[in-house]
>>> print(open('data15.cif').read())   # mmCIF, C-alpha atoms
data_upload
#
loop_
_atom_site.label_atom_id
_atom_site.label_comp_id
_atom_site.auth_asym_id
_atom_site.auth_seq_id
_atom_site.Cartn_x
_atom_site.Cartn_y
_atom_site.Cartn_z
CA GLY A 45 51.80 -5.97 -60.03
CA ALA A 46 53.05 -7.10 -56.61
CA VAL A 47 49.78 -8.45 -55.31
CA VAL A 48 49.50 -10.25 -51.99
CA SER A 49 46.40 -12.34 -51.42
CA GLN A 50 45.28 -13.35 -47.95
CA HIS A 51 42.62 -15.92 -47.17
CA PRO A 52 40.18 -16.11 -45.49
CA SER A 53 39.18 -12.47 -45.05
CA TRP A 54 37.29 -13.34 -41.92
CA VAL A 55 36.77 -16.42 -39.77
CA ILE A 56 34.81 -17.26 -36.66
CA CYS A 57 35.87 -20.26 -34.65
CA LYS A 58 35.17 -21.83 -31.30
CA SER A 59 37.57 -21.72 -28.41
CA GLY A 60 40.08 -24.57 -28.51
CA THR A 61 40.05 -25.03 -32.28
CA SER A 62 42.82 -24.12 -34.71
CA VAL A 63 42.62 -21.72 -37.60
CA LYS A 64 44.90 -21.50 -40.64
CA ILE A 65 45.43 -18.27 -42.55
CA GLU A 66 47.09 -18.28 -45.96
CA CYS A 67 49.18 -15.56 -47.51
CA ARG A 68 50.12 -15.79 -51.18
CA SER A 69 52.26 -13.60 -53.39
CA LEU A 70 50.42 -13.78 -56.70
CA ASP A 71 52.89 -12.34 -59.18
CA PHE A 72 56.25 -12.44 -57.47
CA GLN A 73 58.33 -14.75 -55.36
CA ALA A 74 58.89 -13.91 -51.74
CA THR A 75 61.62 -15.59 -49.74
CA THR A 76 60.47 -13.57 -46.77
CA MET A 77 56.98 -12.72 -45.59
CA PHE A 78 55.92 -10.87 -42.46
CA TRP A 79 52.96 -11.50 -40.20
CA TYR A 80 51.41 -8.65 -38.25
CA ARG A 81 48.63 -8.44 -35.73
CA GLN A 82 46.43 -5.41 -35.24
CA PHE A 83 43.99 -4.70 -32.44
CA PRO A 84 41.10 -2.27 -33.03
CA LYS A 85 42.24 1.31 -33.50
CA GLN A 86 45.84 0.35 -32.83
CA SER A 87 48.98 -0.05 -34.85
CA LEU A 88 50.44 -3.16 -36.43
CA MET A 89 52.55 -5.36 -34.21
CA LEU A 90 55.09 -7.52 -35.99
CA MET A 91 54.61 -11.12 -34.89
CA ALA A 92 57.13 -13.02 -36.95
CA THR A 93 59.23 -13.14 -40.08
CA SER A 94 58.45 -16.13 -42.27
CA ASN A 95 61.44 -17.52 -44.16
CA GLU A 96 61.03 -19.88 -47.11
CA GLY A 97 62.53 -23.25 -46.38
CA SER A 98 63.55 -22.48 -42.83
CA LYS A 99 62.11 -21.69 -39.44
CA ALA A 100 60.26 -18.48 -38.81
CA THR A 101 61.77 -15.80 -36.63
CA TYR A 102 59.40 -14.74 -33.88
CA GLU A 103 59.33 -11.38 -32.15
CA GLN A 104 59.76 -11.20 -28.42
CA GLY A 105 56.65 -12.22 -26.55
CA VAL A 106 55.08 -14.14 -29.45
CA GLU A 107 54.55 -17.82 -28.68
CA LYS A 108 55.90 -19.90 -31.55
CA ASP A 109 53.91 -22.96 -30.48
CA LYS A 110 50.76 -20.89 -30.45
CA PHE A 111 51.27 -19.22 -33.80
CA LEU A 112 52.68 -21.79 -36.19
CA ILE A 113 54.19 -20.41 -39.37
CA ASN A 114 55.02 -22.48 -42.42
CA HIS A 115 56.64 -21.04 -45.54
CA ALA A 116 56.81 -24.07 -47.79
CA SER A 117 57.14 -22.31 -51.12
CA LEU A 118 58.27 -19.00 -52.53
CA THR A 119 54.66 -17.84 -52.91
CA LEU A 120 52.89 -19.19 -49.84
CA SER A 121 53.16 -18.67 -46.12
CA THR A 122 50.61 -19.90 -43.61
CA LEU A 123 49.87 -18.83 -40.06
CA THR A 124 48.04 -21.32 -37.87
CA VAL A 125 46.56 -20.09 -34.62
CA THR A 126 46.46 -23.21 -32.48
CA SER A 127 44.02 -23.82 -29.64
CA ALA A 128 42.50 -20.43 -30.19
CA HIS A 129 41.08 -18.43 -27.30
CA PRO A 130 38.97 -15.26 -27.27
CA GLU A 131 42.05 -13.16 -26.57
CA ASP A 132 43.44 -14.30 -29.93
CA SER A 133 40.62 -12.45 -31.66
CA SER A 134 42.30 -9.83 -33.79
CA PHE A 135 43.09 -8.66 -37.30
CA TYR A 136 46.01 -10.57 -38.81
CA ILE A 137 47.83 -9.13 -41.82
CA CYS A 138 50.62 -10.59 -43.91
CA SER A 139 53.03 -8.76 -46.15
CA ALA A 140 55.84 -9.43 -48.57
CA ALA A 141 58.28 -7.52 -50.71
CA PRO A 142 59.02 -8.31 -54.37
CA SER A 143 62.67 -7.55 -53.78
CA ALA A 144 65.11 -8.18 -50.98
CA ALA A 145 66.48 -4.67 -51.40
CA ALA A 146 66.36 -2.60 -48.23
CA ASP A 147 64.23 0.07 -49.90
CA SER A 148 61.65 -2.28 -51.38
CA PRO A 149 58.22 -1.39 -49.97
CA LEU A 150 56.03 -4.08 -48.51
CA HIS A 151 52.83 -5.20 -50.15
CA PHE A 152 50.07 -6.23 -47.80
CA GLY A 153 47.25 -8.69 -47.94
CA ASN A 154 43.79 -7.43 -47.04
CA GLY A 155 43.96 -9.04 -43.64
CA THR A 156 42.01 -11.72 -41.81
CA ARG A 157 39.55 -10.85 -39.08
CA LEU A 158 39.62 -13.68 -36.54
CA THR A 159 36.87 -13.94 -33.95
CA VAL A 160 37.12 -16.67 -31.34
CA THR A 161 33.91 -17.40 -29.46
CA SER B 102 57.82 -3.39 -30.29
CA GLN B 103 56.58 -0.05 -31.56
CA GLN B 104 59.10 2.36 -33.01
CA GLY B 105 57.64 5.60 -31.87
CA GLU B 106 54.88 8.08 -31.80
CA GLU B 107 52.68 9.69 -34.37
CA ASP B 108 50.76 12.85 -33.85
CA PRO B 109 48.10 13.82 -33.93
CA GLN B 110 46.31 10.56 -33.15
CA ALA B 111 43.25 11.90 -34.91
CA LEU B 112 42.76 14.75 -37.35
CA SER B 113 39.54 16.11 -38.81
CA ILE B 114 39.61 18.67 -41.62
CA GLN B 115 37.46 20.04 -44.40
CA GLU B 116 37.89 18.98 -47.99
CA GLY B 117 40.43 21.16 -49.72
CA GLU B 118 42.49 21.81 -46.60
CA ASN B 119 45.97 20.41 -46.04
CA ALA B 120 46.64 17.63 -43.55
CA THR B 121 49.95 17.25 -41.73
CA MET B 122 50.92 14.19 -39.73
CA ASN B 123 54.11 13.74 -37.75
CA CYS B 124 56.08 10.67 -36.84
CA SER B 125 58.98 10.20 -34.43
CA TYR B 126 61.20 7.16 -34.13
CA LYS B 127 63.89 5.91 -31.79
CA THR B 128 66.56 3.94 -33.63
CA SER B 129 68.73 4.49 -36.67
CA ILE B 130 67.03 3.70 -39.97
CA ASN B 131 67.69 2.85 -43.60
CA ASN B 132 64.47 4.38 -44.74
CA LEU B 133 61.09 5.55 -43.53
CA GLN B 134 57.86 4.71 -45.26
CA TRP B 135 54.29 5.94 -45.06
CA TYR B 136 51.31 3.67 -45.49
CA ARG B 137 47.59 4.20 -45.67
CA GLN B 138 44.94 1.86 -44.27
CA ASN B 139 41.26 2.04 -45.00
CA SER B 140 39.09 0.64 -42.22
CA GLY B 141 39.32 -3.14 -41.96
CA ARG B 142 41.69 -3.48 -44.89
CA GLY B 143 45.35 -4.08 -45.54
CA LEU B 144 47.91 -1.34 -45.92
CA VAL B 145 48.84 0.49 -49.09
CA HIS B 146 52.32 1.88 -49.57
CA LEU B 147 52.35 5.63 -50.23
CA ILE B 148 55.93 6.85 -50.25
CA LEU B 149 59.42 5.91 -49.11
CA ILE B 150 62.16 8.31 -48.09
CA ARG B 151 65.73 7.14 -47.60
CA SER B 152 67.83 8.13 -44.63
CA ASN B 153 70.02 10.38 -46.82
CA GLU B 154 67.04 12.25 -48.23
CA ARG B 155 65.37 15.24 -46.61
CA GLU B 156 62.24 15.72 -48.68
CA LYS B 157 60.26 13.80 -51.22
CA HIS B 158 57.14 14.48 -53.26
CA SER B 159 54.57 12.21 -54.86
CA GLY B 160 51.46 13.83 -56.30
CA ARG B 161 49.67 15.57 -53.42
CA LEU B 162 52.00 13.98 -50.87
CA ARG B 163 55.07 15.62 -49.41
CA VAL B 164 57.28 13.82 -46.93
CA THR B 165 60.13 15.28 -44.93
CA LEU B 166 62.73 13.49 -42.87
CA ASP B 167 64.94 14.92 -40.16
CA THR B 168 67.33 12.23 -39.01
CA SER B 169 68.90 14.51 -36.39
CA LYS B 170 65.53 14.80 -34.68
CA LYS B 171 64.45 11.30 -35.67
CA SER B 172 61.22 12.61 -37.08
CA SER B 173 59.24 12.72 -40.29
CA SER B 174 56.13 14.47 -41.50
CA LEU B 175 53.55 13.66 -44.14
CA LEU B 176 51.67 16.49 -45.79
CA ILE B 177 48.59 15.81 -47.90
CA THR B 178 47.63 18.89 -49.86
CA ALA B 179 44.16 19.77 -51.13
CA SER B 180 42.60 16.89 -49.23
CA ARG B 181 39.63 14.96 -50.55
CA ALA B 182 36.95 12.94 -48.78
CA ALA B 183 38.55 9.84 -50.28
CA ASP B 184 41.71 10.56 -48.28
CA THR B 185 39.83 9.56 -45.13
CA ALA B 186 41.86 6.68 -43.67
CA SER B 187 44.51 5.84 -41.10
CA TYR B 188 48.08 6.75 -41.95
CA PHE B 189 51.09 4.96 -40.51
CA CYS B 190 54.76 5.65 -40.68
CA ALA B 191 57.09 2.67 -40.62
CA THR B 192 60.84 2.48 -40.23
CA ALA B 193 63.17 -0.04 -41.80
CA GLY B 194 66.54 -0.89 -40.32
CA ASN B 195 69.15 -3.35 -41.49
CA THR B 196 67.04 -6.42 -40.82
CA GLY B 197 64.39 -5.60 -43.42
CA LYS B 198 61.65 -5.62 -40.82
CA LEU B 199 59.21 -2.74 -40.82
CA ILE B 200 58.24 -1.31 -37.47
CA PHE B 201 55.10 0.79 -37.46
CA GLY B 202 54.13 3.91 -35.57
CA GLN B 203 50.84 4.32 -33.76
CA GLY B 204 49.08 5.91 -36.71
CA THR B 205 46.98 8.99 -37.37
CA THR B 206 43.31 8.70 -38.20
CA LEU B 207 42.38 11.31 -40.77
CA GLN B 208 38.82 12.33 -41.47
CA VAL B 209 38.18 14.63 -44.40
CA LYS B 210 34.72 16.13 -44.37
CA PRO B 211 33.11 16.89 -47.73
#
>>> encode(input="data15.cif", output="structure tokens")
Amino acid sequence: GAVVSQHPSWVICKSGTSVKIECRSLDFQATTMFWYRQFPKQSLMLMATSNEGSKATYEQGVEKDKFLINHASLTLSTLTVTSAHPEDSSFYICSAAPSAAADSPLHFGNGTRLTVT
Amino acid sequence: SQQGEEDPQALSIQEGENATMNCSYKTSINNLQWYRQNSGRGLVHLILIRSNEREKHSGRLRVTLDTSKKSSSLLITASRAADTASYFCATAGNTGKLIFGQGTTLQVKP
């Protein structure tokens, strides 16, 4: 159980276009989902906390108008990279927890490799 | 922002040997978790240790936590080639957010 599905697994887009990444909790409801970004051979950087039915909470230094997050249902959060540029190329990973308990581990999607040309 | 440091950054051992990875953090925590990541994939949860626990075991994994030193270690015993991956510690505070360490890349040679 506790499966998180992320789509697409990879995407190549041209500079200036927008890309949407979906994150779904398949067998549980998630009021909160987290979006991370990972550069090659580096750790995960938390970008934002996605809250169902309300605005996302962005970490310091993350542009909310650049990385649009929508959490319209208890099983789906989307991250849209707007007006993408080559420096946005990265590995984006979403995660969610089946329970709001503080000691509930996160379940991760398999990530989306974004390449902006 | 990153929580802290992990060491070593990279570790290469022979199959059957034990692998030890260390993690340090900076702020107070509710729990500390270890995750594994195979190249180009998402993360898989391995083990969670609460702030009031000192040691925890799960199969070939042993985790220790020293809150006075703000550090944790992950021991993988009798390593296998399939254990080759990156390992990350992550700390959880009151907000529910997980903050990850820099990670240790483990290579287990058959």
>>> residues_near_point(input="data15.cif", point="(49.0, -21.1, -35.3)", cutoff="9 Å", atoms="only C-alpha atoms", output="number ranges by chain")
A: 62-65, 108-113, 122-128
>>> residues_around(input="data15.cif", residues="Asn131 in chain B", least_positions_apart="2", cutoff="8 Å", atoms="all atoms listed in the file", output="JSON, numbers by chain")
{"A": [146, 147], "B": [129, 133, 151, 152, 192, 193, 194, 195]}
>>> resolve_selection(input="data15.cif", expression="the PyMOL selection byres ((chain B) within 8 of (chain A))", output="PDB file with C-alpha atoms, in the frame of the given file")
ATOM      1  CA  SER B 102      57.820  -3.390 -30.290  1.00  0.00           C
ATOM      2  CA  GLN B 103      56.580  -0.050 -31.560  1.00  0.00           C
ATOM      3  CA  ASN B 131      67.690   2.850 -43.600  1.00  0.00           C
ATOM      4  CA  ASN B 132      64.470   4.380 -44.740  1.00  0.00           C
ATOM      5  CA  GLN B 134      57.860   4.710 -45.260  1.00  0.00           C
ATOM      6  CA  GLY B 141      39.320  -3.140 -41.960  1.00  0.00           C
ATOM      7  CA  ARG B 142      41.690  -3.480 -44.890  1.00  0.00           C
ATOM      8  CA  GLY B 143      45.350  -4.080 -45.540  1.00  0.00           C
ATOM      9  CA  LEU B 144      47.910  -1.340 -45.920  1.00  0.00           C
ATOM     10  CA  VAL B 145      48.840   0.490 -49.090  1.00  0.00           C
ATOM     11  CA  HIS B 146      52.320   1.880 -49.570  1.00  0.00           C
ATOM     12  CA  LEU B 149      59.420   5.910 -49.110  1.00  0.00           C
ATOM     13  CA  ARG B 151      65.730   7.140 -47.600  1.00  0.00           C
ATOM     14  CA  PHE B 189      51.090   4.960 -40.510  1.00  0.00           C
ATOM     15  CA  ALA B 193      63.170  -0.040 -41.800  1.00  0.00           C
ATOM     16  CA  ASN B 195      69.150  -3.350 -41.490  1.00  0.00           C
ATOM     17  CA  GLY B 197      64.390  -5.600 -43.420  1.00  0.00           C
ATOM     18  CA  LYS B 198      61.650  -5.620 -40.820  1.00  0.00           C
ATOM     19  CA  LEU B 199      59.210  -2.740 -40.820  1.00  0.00           C
ATOM     20  CA  ILE B 200      58.240  -1.310 -37.470  1.00  0.00           C
ATOM     21  CA  PHE B 201      55.100   0.790 -37.460  1.00  0.00           C
ATOM     22  CA  GLY B 202      54.130   3.910 -35.570  1.00  0.00           C
ATOM     23  CA  GLN B 203      50.840   4.320 -33.760  1.00  0.00           C
ATOM     24  CA  GLY B 204      49.080   5.910 -36.710  1.00  0.00           C
TER      25      GLY B 204
END
>>> closest_residue(input="data15.cif", among="A:Ser94, A:Ser59, A:Gln82, A:Ser49", to="Pro130 in chain A", atoms="all atoms listed in the file")
A:Ser59
>>> resolve_selection(input="data15.cif", expression="the PyMOL selection byres ((chain B and resi 184) around 12)", output="PyMOL selection string")
chain B and resi 112-120+137-140+147+161-162+176-183+185-188+206-211
>>> closest_residue(input="data15.cif", among="B:Gln110, B:Ser159, B:Thr168, B:Ser125", to="Cys190 in chain B", atoms="only C-alpha atoms")
B:Ser125
>>> atom_distance(input="data15.cif", atom1="CA of Lys171 in chain B", atom2="CA of Asn153 in chain B")
12.5 Å
>>> residues_near_point(input="data15.cif", point="(52.9, 15.3, -43.0)", cutoff="8 Å", atoms="only C-alpha atoms", output="ChimeraX atom specification")
/B:120-123,163-165,173-177
>>> closest_residue(input="data15.cif", among="B:Ser169, B:Asp108, B:Ala191, B:Thr196", to="Ile148 in chain B", atoms="only C-alpha atoms")
B:Ala191
>>> atom_distance(input="data15.cif", atom1="CA of Pro52 in chain A", atom2="CA of Ser121 in chain A")
13.2 Å
>>> atom_distance(input="data15.cif", atom1="CA of Val55 in chain A", atom2="CA of Asp132 in chain A")
12.1 Å
>>> resolve_selection(input="data15.cif", expression="the PyMOL selection byres ((chain A and resi 70) around 6)", output="PyMOL selection string")
chain A and resi 47-48+68-69+71
>>> decode(input="data15.cif", residues="range 126-174 of chain B", atoms="C-alpha atoms", output="PDB file, in the first residue's frame")
ATOM      1  CA  TYR B 126      21.736  17.727  12.061  1.00  0.00           C
ATOM      2  CA  LYS B 127      21.304  21.188  13.500  1.00  0.00           C
ATOM      3  CA  THR B 128      17.847  21.694  14.975  1.00  0.00           C
ATOM      4  CA  SER B 129      15.645  19.843  17.427  1.00  0.00           C
ATOM      5  CA  ILE B 130      13.689  16.975  15.907  1.00  0.00           C
ATOM      6  CA  ASN B 131      10.654  14.753  16.411  1.00  0.00           C
ATOM      7  CA  ASN B 132      12.197  11.898  14.537  1.00  0.00           C
ATOM      8  CA  LEU B 133      14.949  11.020  12.109  1.00  0.00           C
ATOM      9  CA  GLN B 134      14.438   8.835   9.088  1.00  0.00           C
ATOM     10  CA  TRP B 135      16.687   7.060   6.635  1.00  0.00           C
ATOM     11  CA  TYR B 136      15.854   6.684   2.979  1.00  0.00           C
ATOM     12  CA  ARG B 137      17.424   4.882   0.076  1.00  0.00           C
ATOM     13  CA  GLN B 138      17.524   6.111  -3.517  1.00  0.00           C
ATOM     14  CA  ASN B 139      18.501   4.065  -6.514  1.00  0.00           C
ATOM     15  CA  SER B 140      19.934   6.114  -9.358  1.00  0.00           C
ATOM     16  CA  GLY B 141      17.306   8.233 -11.096  1.00  0.00           C
ATOM     17  CA  ARG B 142      14.467   6.968  -8.945  1.00  0.00           C
ATOM     18  CA  GLY B 143      12.355   8.123  -6.038  1.00  0.00           C
ATOM     19  CA  LEU B 144      13.194   7.465  -2.423  1.00  0.00           C
ATOM     20  CA  VAL B 145      12.264   4.436  -0.384  1.00  0.00           C
ATOM     21  CA  HIS B 146      11.749   4.697   3.350  1.00  0.00           C
ATOM     22  CA  LEU B 147      14.030   2.387   5.341  1.00  0.00           C
ATOM     23  CA  ILE B 148      13.635   3.128   9.021  1.00  0.00           C
ATOM     24  CA  LEU B 149      12.427   5.799  11.430  1.00  0.00           C
ATOM     25  CA  ILE B 150      13.798   6.493  14.882  1.00  0.00           C
ATOM     26  CA  ARG B 151      12.005   8.792  17.301  1.00  0.00           C
ATOM     27  CA  SER B 152      13.773  11.452  19.305  1.00  0.00           C
ATOM     28  CA  ASN B 153      13.293   9.467  22.533  1.00  0.00           C
ATOM     29  CA  GLU B 154      14.827   6.322  21.065  1.00  0.00           C
ATOM     30  CA  ARG B 155      18.528   5.532  20.979  1.00  0.00           C
ATOM     31  CA  GLU B 156      18.724   2.487  18.754  1.00  0.00           C
ATOM     32  CA  LYS B 157      16.508   0.654  16.346  1.00  0.00           C
ATOM     33  CA  HIS B 158      16.863  -2.463  14.218  1.00  0.00           C
ATOM     34  CA  SER B 159      15.173  -3.615  11.039  1.00  0.00           C
ATOM     35  CA  GLY B 160      16.558  -6.704   9.337  1.00  0.00           C
ATOM     36  CA  ARG B 161      20.163  -5.937   8.388  1.00  0.00           C
ATOM     37  CA  LEU B 162      19.748  -2.277   9.316  1.00  0.00           C
ATOM     38  CA  ARG B 163      20.727  -0.756  12.632  1.00  0.00           C
ATOM     39  CA  VAL B 164      20.159   2.912  13.367  1.00  0.00           C
ATOM     40  CA  THR B 165      21.410   4.864  16.344  1.00  0.00           C
ATOM     41  CA  LEU B 166      20.457   8.336  17.454  1.00  0.00           C
ATOM     42  CA  ASP B 167      22.340  10.628  19.802  1.00  0.00           C
ATOM     43  CA  THR B 168      20.273  13.740  20.368  1.00  0.00           C
ATOM     44  CA  SER B 169      22.931  15.306  22.600  1.00  0.00           C
ATOM     45  CA  LYS B 170      25.358  15.243  19.687  1.00  0.00           C
ATOM     46  CA  LYS B 171      22.629  15.736  17.095  1.00  0.00           C
ATOM     47  CA  SER B 172      23.852  12.775  15.131  1.00  0.00           C
ATOM     48  CA  SER B 173      22.688   9.433  13.811  1.00  0.00           C
ATOM     49  CA  SER B 174      24.299   6.459  12.158  1.00  0.00           C
TER      50      SER B 174
END
